Amino acid sequence: MKEAQFFETLAGQWQDELVVTSLGSAGHGWFKATQSKDSFYLLDGMGFASSFALGMALGLPQGRFWLLDTDGAFAMNLGGVLTQASVQAPNLLHLMLNNHSYRVIGELPLVNADTTDYAGVARAAGIRRVVDVQTQDDLLAVLEQQRQDPAYTLAVVDIEPQDEWRTGPPKGIEGPEMKYRFGRYVEQRFGVQVFGPEGV
Amino acid sequence: MRIADAAMQVGEEVRAALREAGVSLAASLPDDWVAPIIESVDGDPDITHVRVARESEIVGICCGGFMTGARSVAVMGGTGLMASACEFATISERHGIPLFILSSLRGDGDDIRVYQEVQGRRLRPYLQTFDIPYQIVSSRSDIARLPDYYEHSRIQKRPYVVFFTKKLLQGIV
């Protein structure tokens with residue numbers, strides 16, 4: 001699936017899910033498609049957006065989460081697949097963009113990228129719902145299934161990069177502002193307390 | 001797994017103090033010293049506990065939990081602190097997200113494991129380099145201070161380590 005079709009389809013289907021993105025093309029593409037400033041773009045901590053999203057999903061079981069991840073990040077925290085398999089948080093949809101490279105730094109080679117079967121790794125780890133996404137219809141089916149029958153899902157999305165989607169990170173939000181913006185959004189939407197009286 | 005009754009009693013006291021602090025989410029990777037804390041936490045129906053494959057994951061899980069209002073605790077051995085340097089810096093410190101960590105004071109004077117000697121010499125200087133506050137809990141009465149330390153960690157907006165000594169974790173003191 002071309003990069004544009006993936007992000008535009010996802011943006012068009014977006015309802016009330018809380019979105020977390022990993023460092024690199026996942027976050028860049030999501031921001032280009034949505035200009036969302038209520039999503040959490042983990043612009044660092046490569047590999048651990050998946051752990052970050054898991055903590056969110058466990059902390060707010062009434063929320064529905066989309067995690068936009070990449071193969072480079074996935075490879076950097078491969079042990080995290082075991083943790084996801086042990087928890088299988090039902091409110092977390094893990095969309096992993098497989099672009100076969102370190103896309104955002106110039107499509108530099110990613111170890112064993114053309115050989116590794118990430119979906120196979122996940123299945124062998126014990127993740128019960130693993131989906132290979134090749135087409136827009138596949139993607140729409142995953143989104144619909146997650147809404148109708150929530151279960152932790154790893155969707156491995158085969159992505160064809162496009163130069164016009166080689167954009168930079170979100171502008172104007174990062175670090176502590178990201179924390180406060182996202183946390184205040186969660187407080188407002190779900191009526192939970194993220195920040196205490198001291199503002200932290 | 002067999003943990004001595006005296007050590008499990010300490011684990012139970014720590015778990016009770018964590019509940020008093022409002023903790024509802026925990027993530028852990030054990031060493032033999034902190035295992036009693038982990039097993040006590042795991043048995044608490046009011047705490048969601050996640051076992052991980054690598055300590056860096058704990059940083060992500062606990063910081064993510066914070067972002068949705070969960071009060072979380074990280075439990076790991078002293079070596080795990082060293083393994084988590086990048087994530088301390090790029091997830092917790094970069095965003096100013098508090099991260100409350102319980103750990104073992106490995107390599108201290110009563111730890112004669114040869115593979116812990118580097119930790120003994122470098123753990124505290126390492127935390128100081130990253131400007132990470134820490135406390136040392138060495139007696140049963142100190143455990144009651146955990147709720148205060150938890151609130152202190154919130155205003156620090158960064159990793160915050162509470163070390164436990166070997167004799168305490170083994171229930172000897």
# chains A, B, ... in the order shown; residues from 1 in each chain; ligands from 1
$ residues_around --residues "Arg51 of chain B" --least-positions-apart "4" --cutoff "8 Å" --atoms "only C-alpha atoms" --output "list in words"
Thr83 of chain A; Ala27, Ser28 and Leu29 of chain B
$ write_last_selection --atoms "C-alpha atoms" --output "short mmCIF file (atom, residue, chain, number, x, y, z; two decimals), in the first residue's frame"
data_model
loop_
_atom_site.label_atom_id
_atom_site.label_comp_id
_atom_site.auth_asym_id
_atom_site.auth_seq_id
_atom_site.Cartn_x
_atom_site.Cartn_y
_atom_site.Cartn_z
CA THR A 83 5.37 -8.44 26.76
CA ALA B 27 6.00 -3.08 35.55
CA SER B 28 8.97 -5.17 36.55
CA LEU B 29 11.95 -7.28 35.70
#
$ select_by_dssp --residues "chain B" --states "helix (DSSP H, G or I)" --output "PyMOL selection string"
chain B and resi 5-20+35-42+55-67+78-83+85-95+114-129+140-143+146-156+166-169
$ closest_residue --among "B:Val75, B:Gly60, B:Pro125, B:Thr68" --to "Val41 of chain B" --atoms "only C-alpha atoms"
B:Val75
$ residues_around --residues "segment 94-99 of chain B" --least-positions-apart "6" --cutoff "9 Å" --atoms "only C-alpha atoms" --output "list of chain:residue names"
A:Asp44, A:Glu174, A:Gly175, A:Pro176, A:Glu177, A:Met178, A:Lys179, A:Val200, B:Val59, B:Cys62, B:Cys63, B:Phe66, B:Met67, B:Ser72, B:Val73, B:Ala74, B:Phe88, B:Ser153, B:Arg154, B:Ile155, B:Gln156, B:Lys157, B:Arg158, B:Pro159, B:Tyr160, B:Val161
$ interface_residues --of "chain A" --to "chain B" --cutoff "10 Å" --atoms "only C-alpha atoms" --output "tab-separated table (two decimals) with all heavy atoms, in the first residue's frame"
chain	number	residue	atom	x	y	z
A	20	VAL	N	-0.91	7.21	19.39
A	20	VAL	CA	0.49	7.32	19.81
A	20	VAL	C	1.34	6.92	18.61
A	20	VAL	O	1.03	5.93	17.93
A	20	VAL	CB	0.80	6.36	20.98
A	20	VAL	CG1	2.25	6.50	21.43
A	20	VAL	CG2	-0.14	6.62	22.15
A	40	PHE	N	-0.03	11.74	20.67
A	40	PHE	CA	1.28	11.78	21.34
A	40	PHE	C	2.32	11.28	20.35
A	40	PHE	O	2.35	10.09	20.00
A	40	PHE	CB	1.30	10.93	22.61
A	40	PHE	CG	2.40	11.36	23.56
A	40	PHE	CD1	2.10	12.00	24.75
A	40	PHE	CD2	3.74	11.16	23.23
A	40	PHE	CE1	3.12	12.42	25.62
A	40	PHE	CE2	4.75	11.58	24.08
A	40	PHE	CZ	4.45	12.21	25.28
A	42	LEU	N	5.86	10.35	20.04
A	42	LEU	CA	7.06	10.06	20.84
A	42	LEU	C	8.26	10.25	19.91
A	42	LEU	O	8.65	9.33	19.18
A	42	LEU	CB	7.00	8.65	21.42
A	42	LEU	CG	8.02	8.35	22.51
A	42	LEU	CD1	7.83	9.26	23.73
A	42	LEU	CD2	7.92	6.90	22.97
A	43	LEU	N	8.80	11.45	19.93
A	43	LEU	CA	9.82	11.83	18.94
A	43	LEU	C	11.20	11.27	19.29
A	43	LEU	O	12.18	11.58	18.62
A	43	LEU	CB	9.89	13.35	18.82
A	43	LEU	CG	8.57	14.01	18.40
A	43	LEU	CD1	8.71	15.53	18.37
A	43	LEU	CD2	8.13	13.50	17.03
A	44	ASP	N	11.26	10.50	20.35
A	44	ASP	CA	12.52	9.92	20.79
A	44	ASP	C	12.20	8.56	21.39
A	44	ASP	O	11.13	8.03	21.15
A	44	ASP	CB	13.17	10.86	21.81
A	44	ASP	CG	14.66	11.02	21.57
A	44	ASP	OD1	15.27	10.01	21.17
A	44	ASP	OD2	15.19	12.11	21.79
A	45	GLY	N	13.10	8.00	22.14
A	45	GLY	CA	12.81	6.71	22.76
A	45	GLY	C	12.52	5.65	21.73
A	45	GLY	O	11.58	4.87	21.87
A	46	MET	N	13.33	5.60	20.69
A	46	MET	CA	13.02	4.72	19.56
A	46	MET	C	12.85	3.27	20.00
A	46	MET	O	13.67	2.73	20.72
A	46	MET	CB	14.12	4.81	18.50
A	46	MET	CG	13.73	4.09	17.22
A	46	MET	SD	14.90	4.40	15.90
A	46	MET	CE	14.11	3.48	14.58
A	47	GLY	N	11.78	2.70	19.55
A	47	GLY	CA	11.47	1.32	19.87
A	47	GLY	C	10.47	1.19	21.00
A	47	GLY	O	9.82	0.15	21.14
A	48	PHE	N	10.33	2.23	21.79
A	48	PHE	CA	9.56	2.08	23.03
A	48	PHE	C	8.22	2.81	23.01
A	48	PHE	O	7.56	2.89	24.04
A	48	PHE	CB	10.43	2.45	24.23
A	48	PHE	CG	11.55	1.45	24.38
A	48	PHE	CD1	12.76	1.65	23.76
A	48	PHE	CD2	11.33	0.26	25.05
A	48	PHE	CE1	13.77	0.69	23.83
A	48	PHE	CE2	12.33	-0.71	25.13
A	48	PHE	CZ	13.56	-0.48	24.52
A	49	ALA	N	7.82	3.30	21.85
A	49	ALA	CA	6.45	3.81	21.74
A	49	ALA	C	5.46	2.67	21.98
A	49	ALA	O	4.37	2.89	22.51
A	49	ALA	CB	6.21	4.42	20.36
A	50	SER	N	5.84	1.46	21.62
A	50	SER	CA	4.94	0.32	21.84
A	50	SER	C	4.75	0.08	23.34
A	50	SER	O	3.63	-0.20	23.79
A	50	SER	CB	5.47	-0.93	21.15
A	50	SER	OG	6.80	-1.20	21.54
A	51	SER	N	5.83	0.21	24.12
A	51	SER	CA	5.70	0.06	25.57
A	51	SER	C	4.89	1.23	26.15
A	51	SER	O	4.06	1.05	27.05
A	51	SER	CB	7.08	0.03	26.22
A	51	SER	OG	7.91	-0.95	25.62
A	52	PHE	N	5.15	2.41	25.65
A	52	PHE	CA	4.46	3.63	26.09
A	52	PHE	C	2.95	3.49	25.85
A	52	PHE	O	2.13	3.77	26.73
A	52	PHE	CB	5.04	4.80	25.30
A	52	PHE	CG	4.73	6.17	25.82
A	52	PHE	CD1	5.26	6.63	27.01
A	52	PHE	CD2	3.94	7.04	25.07
A	52	PHE	CE1	5.00	7.92	27.47
A	52	PHE	CE2	3.67	8.32	25.52
A	52	PHE	CZ	4.20	8.76	26.72
A	53	ALA	N	2.59	3.02	24.66
A	53	ALA	CA	1.17	2.85	24.33
A	53	ALA	C	0.55	1.75	25.19
A	53	ALA	O	-0.62	1.85	25.59
A	53	ALA	CB	1.01	2.52	22.86
A	54	LEU	N	1.31	0.72	25.49
A	54	LEU	CA	0.79	-0.35	26.36
A	54	LEU	C	0.47	0.21	27.75
A	54	LEU	O	-0.58	-0.10	28.32
A	54	LEU	CB	1.80	-1.49	26.46
A	54	LEU	CG	1.46	-2.61	27.45
A	54	LEU	CD1	0.12	-3.27	27.11
A	54	LEU	CD2	2.58	-3.66	27.48
A	55	GLY	N	1.38	1.04	28.27
A	55	GLY	CA	1.11	1.65	29.57
A	55	GLY	C	-0.14	2.52	29.54
A	55	GLY	O	-0.94	2.51	30.48
A	56	MET	N	-0.33	3.25	28.45
A	56	MET	CA	-1.54	4.06	28.32
A	56	MET	C	-2.78	3.18	28.28
A	56	MET	O	-3.79	3.46	28.94
A	56	MET	CB	-1.49	4.89	27.04
A	56	MET	CG	-0.52	6.05	27.07
A	56	MET	SD	-0.73	6.99	25.54
A	56	MET	CE	0.47	8.29	25.79
A	57	ALA	N	-2.71	2.12	27.48
A	57	ALA	CA	-3.89	1.24	27.33
A	57	ALA	C	-4.27	0.59	28.66
A	57	ALA	O	-5.46	0.43	28.96
A	57	ALA	CB	-3.59	0.18	26.27
A	58	LEU	N	-3.27	0.24	29.45
A	58	LEU	CA	-3.56	-0.36	30.76
A	58	LEU	C	-4.05	0.69	31.76
A	58	LEU	O	-4.89	0.41	32.62
A	58	LEU	CB	-2.30	-1.05	31.30
A	58	LEU	CG	-1.84	-2.28	30.53
A	58	LEU	CD1	-0.50	-2.77	31.06
A	58	LEU	CD2	-2.88	-3.38	30.59
A	59	GLY	N	-3.50	1.90	31.63
A	59	GLY	CA	-3.88	2.97	32.55
A	59	GLY	C	-5.27	3.52	32.29
A	59	GLY	O	-5.89	4.10	33.19
A	60	LEU	N	-5.76	3.36	31.08
A	60	LEU	CA	-7.06	3.92	30.70
A	60	LEU	C	-7.82	2.85	29.90
A	60	LEU	O	-7.96	2.95	28.68
A	60	LEU	CB	-6.86	5.18	29.85
A	60	LEU	CG	-8.09	6.04	29.59
A	60	LEU	CD1	-8.59	6.71	30.87
A	60	LEU	CD2	-7.78	7.12	28.54
A	61	PRO	N	-8.33	1.83	30.59
A	61	PRO	CA	-8.98	0.74	29.86
A	61	PRO	C	-10.22	1.17	29.09
A	61	PRO	O	-10.62	0.49	28.13
A	61	PRO	CB	-9.33	-0.27	30.97
A	61	PRO	CG	-9.03	0.36	32.26
A	61	PRO	CD	-8.22	1.59	32.03
A	63	GLY	N	-10.36	3.76	27.26
A	63	GLY	CA	-9.92	4.41	26.03
A	63	GLY	C	-9.62	3.40	24.94
A	63	GLY	O	-9.40	2.22	25.20
A	77	ASN	N	12.89	-3.01	19.68
A	77	ASN	CA	12.28	-3.49	20.93
A	77	ASN	C	11.57	-4.81	20.67
A	77	ASN	O	10.41	-4.99	21.01
A	77	ASN	CB	11.31	-2.44	21.48
A	77	ASN	CG	10.69	-2.84	22.83
A	77	ASN	OD1	11.16	-3.75	23.49
A	77	ASN	ND2	9.63	-2.13	23.21
A	78	LEU	N	12.30	-5.73	20.06
A	78	LEU	CA	11.68	-7.00	19.68
A	78	LEU	C	11.22	-7.80	20.90
A	78	LEU	O	10.24	-8.53	20.84
A	78	LEU	CB	12.67	-7.82	18.84
A	78	LEU	CG	12.08	-8.79	17.83
A	78	LEU	CD1	11.09	-8.12	16.90
A	78	LEU	CD2	13.18	-9.47	17.03
A	79	GLY	N	11.94	-7.65	22.01
A	79	GLY	CA	11.51	-8.33	23.23
A	79	GLY	C	10.16	-7.85	23.70
A	79	GLY	O	9.44	-8.57	24.40
A	80	GLY	N	9.80	-6.63	23.30
A	80	GLY	CA	8.50	-6.10	23.68
A	80	GLY	C	7.35	-6.91	23.11
A	80	GLY	O	6.23	-6.86	23.62
A	81	VAL	N	7.60	-7.68	22.06
A	81	VAL	CA	6.56	-8.54	21.50
A	81	VAL	C	6.13	-9.58	22.55
A	81	VAL	O	4.95	-9.91	22.66
A	81	VAL	CB	7.08	-9.26	20.23
A	81	VAL	CG1	6.04	-10.23	19.70
A	81	VAL	CG2	7.45	-8.25	19.17
A	82	LEU	N	7.10	-10.04	23.32
A	82	LEU	CA	6.76	-11.02	24.36
A	82	LEU	C	5.86	-10.38	25.42
A	82	LEU	O	4.92	-11.01	25.92
A	82	LEU	CB	8.04	-11.55	25.01
A	82	LEU	CG	9.11	-12.12	24.08
A	82	LEU	CD1	10.29	-12.64	24.90
A	82	LEU	CD2	8.55	-13.21	23.20
A	83	THR	N	6.18	-9.14	25.76
A	83	THR	CA	5.37	-8.44	26.76
A	83	THR	C	3.97	-8.20	26.23
A	83	THR	O	2.98	-8.43	26.94
A	83	THR	CB	6.06	-7.12	27.14
A	83	THR	OG1	7.41	-7.39	27.55
A	83	THR	CG2	5.31	-6.43	28.26
A	84	GLN	N	3.87	-7.73	24.98
A	84	GLN	CA	2.54	-7.53	24.39
A	84	GLN	C	1.76	-8.85	24.38
A	84	GLN	O	0.56	-8.88	24.66
A	84	GLN	CB	2.65	-6.99	22.96
A	84	GLN	CG	3.33	-5.63	22.83
A	84	GLN	CD	2.47	-4.45	23.27
A	84	GLN	OE1	1.37	-4.63	23.79
A	84	GLN	NE2	2.96	-3.24	23.06
A	86	SER	N	2.03	-11.28	26.43
A	86	SER	CA	1.63	-11.68	27.78
A	86	SER	C	0.44	-10.88	28.28
A	86	SER	O	-0.31	-11.34	29.14
A	86	SER	CB	2.80	-11.53	28.76
A	86	SER	OG	3.00	-10.18	29.10
A	87	VAL	N	0.28	-9.67	27.73
A	87	VAL	CA	-0.81	-8.79	28.21
A	87	VAL	C	-2.01	-8.82	27.26
A	87	VAL	O	-3.15	-8.94	27.69
A	87	VAL	CB	-0.30	-7.34	28.36
A	87	VAL	CG1	-1.44	-6.43	28.81
A	87	VAL	CG2	0.86	-7.26	29.35
A	174	GLU	N	6.43	19.50	21.31
A	174	GLU	CA	7.42	18.48	21.68
A	174	GLU	C	7.68	18.57	23.18
A	174	GLU	O	7.27	19.53	23.84
A	174	GLU	CB	8.72	18.65	20.88
A	174	GLU	CG	9.50	19.92	21.15
A	174	GLU	CD	10.56	19.73	22.20
A	174	GLU	OE1	11.11	18.63	22.31
A	174	GLU	OE2	10.82	20.69	22.95
A	175	GLY	N	8.36	17.57	23.70
A	175	GLY	CA	8.78	17.57	25.10
A	175	GLY	C	7.66	17.84	26.08
A	175	GLY	O	6.57	17.27	25.97
A	176	PRO	N	7.90	18.71	27.06
A	176	PRO	CA	6.88	18.95	28.09
A	176	PRO	C	5.56	19.46	27.52
A	176	PRO	O	4.49	19.13	28.04
A	176	PRO	CB	7.54	20.03	28.97
A	176	PRO	CG	9.01	19.80	28.80
A	176	PRO	CD	9.18	19.37	27.36
A	177	GLU	N	5.59	20.22	26.44
A	177	GLU	CA	4.31	20.68	25.88
A	177	GLU	C	3.49	19.51	25.36
A	177	GLU	O	2.26	19.50	25.48
A	177	GLU	CB	4.53	21.70	24.76
A	177	GLU	CG	3.18	22.28	24.33
A	177	GLU	CD	3.28	23.36	23.30
A	177	GLU	OE1	4.39	23.71	22.90
A	177	GLU	OE2	2.21	23.84	22.88
A	178	MET	N	4.17	18.52	24.79
A	178	MET	CA	3.46	17.31	24.35
A	178	MET	C	2.79	16.65	25.55
A	178	MET	O	1.63	16.22	25.48
A	178	MET	CB	4.45	16.34	23.71
A	178	MET	CG	3.81	15.14	23.06
A	178	MET	SD	3.44	15.43	21.33
A	178	MET	CE	5.09	15.49	20.64
A	179	LYS	N	3.52	16.56	26.64
A	179	LYS	CA	2.97	15.94	27.86
A	179	LYS	C	1.72	16.68	28.31
A	179	LYS	O	0.68	16.06	28.55
A	179	LYS	CB	4.02	15.96	28.97
A	179	LYS	CG	3.50	15.45	30.31
A	179	LYS	CD	4.50	15.58	31.45
A	179	LYS	CE	4.62	16.99	31.98
A	179	LYS	NZ	5.33	17.06	33.28
A	180	TYR	N	1.83	17.98	28.46
A	180	TYR	CA	0.69	18.73	29.00
A	180	TYR	C	-0.48	18.75	28.01
A	180	TYR	O	-1.64	18.65	28.40
A	180	TYR	CB	1.12	20.14	29.38
A	180	TYR	CG	1.93	20.15	30.67
A	180	TYR	CD1	3.28	20.47	30.66
A	180	TYR	CD2	1.33	19.79	31.87
A	180	TYR	CE1	4.02	20.46	31.84
A	180	TYR	CE2	2.07	19.76	33.05
A	180	TYR	CZ	3.41	20.10	33.03
A	180	TYR	OH	4.13	20.06	34.19
A	182	PHE	N	-1.33	16.54	25.65
A	182	PHE	CA	-1.99	15.24	25.60
A	182	PHE	C	-2.69	14.94	26.93
A	182	PHE	O	-3.84	14.49	26.95
A	182	PHE	CB	-0.96	14.14	25.29
A	182	PHE	CG	-1.56	12.77	25.08
A	182	PHE	CD1	-1.98	12.37	23.82
A	182	PHE	CD2	-1.72	11.91	26.14
A	182	PHE	CE1	-2.54	11.11	23.63
A	182	PHE	CE2	-2.28	10.64	25.96
A	182	PHE	CZ	-2.67	10.24	24.70
A	183	GLY	N	-2.00	15.19	28.04
A	183	GLY	CA	-2.58	14.89	29.35
A	183	GLY	C	-3.84	15.69	29.62
A	183	GLY	O	-4.82	15.17	30.16
A	184	ARG	N	-3.83	16.97	29.26
A	184	ARG	CA	-5.04	17.79	29.46
A	184	ARG	C	-6.18	17.29	28.58
A	184	ARG	O	-7.36	17.32	28.99
A	184	ARG	CB	-4.74	19.26	29.13
A	184	ARG	CG	-3.70	19.92	30.02
A	184	ARG	CD	-4.18	20.11	31.43
A	184	ARG	NE	-3.19	20.81	32.25
A	184	ARG	CZ	-3.06	20.66	33.56
A	184	ARG	NH1	-3.87	19.85	34.22
A	184	ARG	NH2	-2.15	21.32	34.23
A	185	TYR	N	-5.83	16.83	27.39
A	185	TYR	CA	-6.85	16.28	26.48
A	185	TYR	C	-7.48	15.04	27.11
A	185	TYR	O	-8.71	14.88	27.11
A	185	TYR	CB	-6.21	15.96	25.13
A	185	TYR	CG	-7.14	15.33	24.14
A	185	TYR	CD1	-8.22	16.04	23.61
A	185	TYR	CD2	-6.94	14.02	23.71
A	185	TYR	CE1	-9.08	15.45	22.69
A	185	TYR	CE2	-7.78	13.43	22.80
A	185	TYR	CZ	-8.85	14.15	22.29
A	185	TYR	OH	-9.69	13.55	21.38
A	186	VAL	N	-6.65	14.17	27.67
A	186	VAL	CA	-7.16	12.96	28.32
A	186	VAL	C	-8.03	13.33	29.52
A	186	VAL	O	-9.11	12.75	29.73
A	186	VAL	CB	-5.99	12.05	28.74
A	186	VAL	CG1	-6.48	10.93	29.67
A	186	VAL	CG2	-5.32	11.44	27.52
A	187	GLU	N	-7.59	14.29	30.31
A	187	GLU	CA	-8.38	14.71	31.47
A	187	GLU	C	-9.76	15.20	31.04
A	187	GLU	O	-10.78	14.85	31.64
A	187	GLU	CB	-7.65	15.83	32.22
A	187	GLU	CG	-6.45	15.37	33.03
A	187	GLU	CD	-5.78	16.51	33.78
A	187	GLU	OE1	-5.80	17.65	33.28
A	187	GLU	OE2	-5.23	16.25	34.87
A	190	PHE	N	-11.93	12.15	29.36
A	190	PHE	CA	-12.28	10.97	30.15
A	190	PHE	C	-12.59	11.29	31.61
A	190	PHE	O	-12.97	10.40	32.37
A	190	PHE	CB	-11.15	9.93	30.07
A	190	PHE	CG	-11.01	9.33	28.69
A	190	PHE	CD1	-10.12	9.89	27.78
A	190	PHE	CD2	-11.77	8.25	28.30
A	190	PHE	CE1	-9.98	9.36	26.51
A	190	PHE	CE2	-11.64	7.72	27.03
A	190	PHE	CZ	-10.75	8.28	26.12
A	191	GLY	N	-12.40	12.53	32.00
A	191	GLY	CA	-12.70	12.90	33.38
A	191	GLY	C	-11.76	12.29	34.39
A	191	GLY	O	-12.13	12.11	35.56
A	192	VAL	N	-10.56	11.94	33.97
A	192	VAL	CA	-9.57	11.39	34.89
A	192	VAL	C	-8.58	12.50	35.25
A	192	VAL	O	-8.49	13.52	34.57
A	192	VAL	CB	-8.80	10.19	34.28
A	192	VAL	CG1	-9.76	9.07	33.95
A	192	VAL	CG2	-8.02	10.61	33.05
A	193	GLN	N	-7.84	12.26	36.34
A	193	GLN	CA	-6.84	13.24	36.75
A	193	GLN	C	-5.46	12.73	36.35
A	193	GLN	O	-5.03	11.69	36.83
A	193	GLN	CB	-6.89	13.48	38.26
A	193	GLN	CG	-5.91	14.54	38.71
A	193	GLN	CD	-5.95	14.78	40.22
A	193	GLN	OE1	-6.30	13.91	40.99
A	193	GLN	NE2	-5.59	15.98	40.63
A	194	VAL	N	-4.83	13.45	35.46
A	194	VAL	CA	-3.45	13.12	35.08
A	194	VAL	C	-2.48	13.94	35.91
A	194	VAL	O	-1.50	13.42	36.44
A	194	VAL	CB	-3.22	13.37	33.58
A	194	VAL	CG1	-1.75	13.15	33.21
A	194	VAL	CG2	-4.13	12.47	32.74
A	195	PHE	N	-2.77	15.22	36.02
A	195	PHE	CA	-1.87	16.13	36.73
A	195	PHE	C	-2.47	16.51	38.08
A	195	PHE	O	-3.66	16.79	38.17
A	195	PHE	CB	-1.61	17.39	35.90
A	195	PHE	CG	-1.10	17.07	34.52
A	195	PHE	CD1	-1.90	17.29	33.41
A	195	PHE	CD2	0.16	16.53	34.33
A	195	PHE	CE1	-1.44	16.98	32.14
A	195	PHE	CE2	0.62	16.22	33.06
A	195	PHE	CZ	-0.18	16.45	31.97
A	196	GLY	N	-1.61	16.53	39.09
A	196	GLY	CA	-2.08	16.88	40.42
A	196	GLY	C	-2.12	18.38	40.64
A	196	GLY	O	-1.90	19.17	39.71
A	198	GLU	N	-0.10	20.34	41.94
A	198	GLU	CA	1.16	21.03	41.67
A	198	GLU	C	1.44	21.10	40.16
A	198	GLU	O	2.50	21.58	39.75
A	198	GLU	CB	2.33	20.32	42.36
A	198	GLU	CG	2.20	20.23	43.88
A	198	GLU	CD	2.40	21.59	44.55
A	198	GLU	OE1	3.10	22.44	43.97
A	198	GLU	OE2	1.85	21.80	45.65
A	199	GLY	N	0.52	20.59	39.37
A	199	GLY	CA	0.71	20.65	37.92
A	199	GLY	C	1.49	19.49	37.37
A	199	GLY	O	1.80	19.46	36.18
A	200	VAL	N	1.81	18.52	38.22
A	200	VAL	CA	2.54	17.35	37.74
A	200	VAL	C	1.89	16.08	38.28
A	200	VAL	O	1.11	16.14	39.21
A	200	VAL	CB	4.02	17.35	38.17
A	200	VAL	CG1	4.76	18.42	37.45
A	200	VAL	CG2	4.15	17.51	39.67
$ select_by_dssp --residues "segment 5-153 of chain B" --states "strand (DSSP E or B)" --output "ChimeraX atom specification"
/B:25-29,48-51,72-76,99-104,134-137
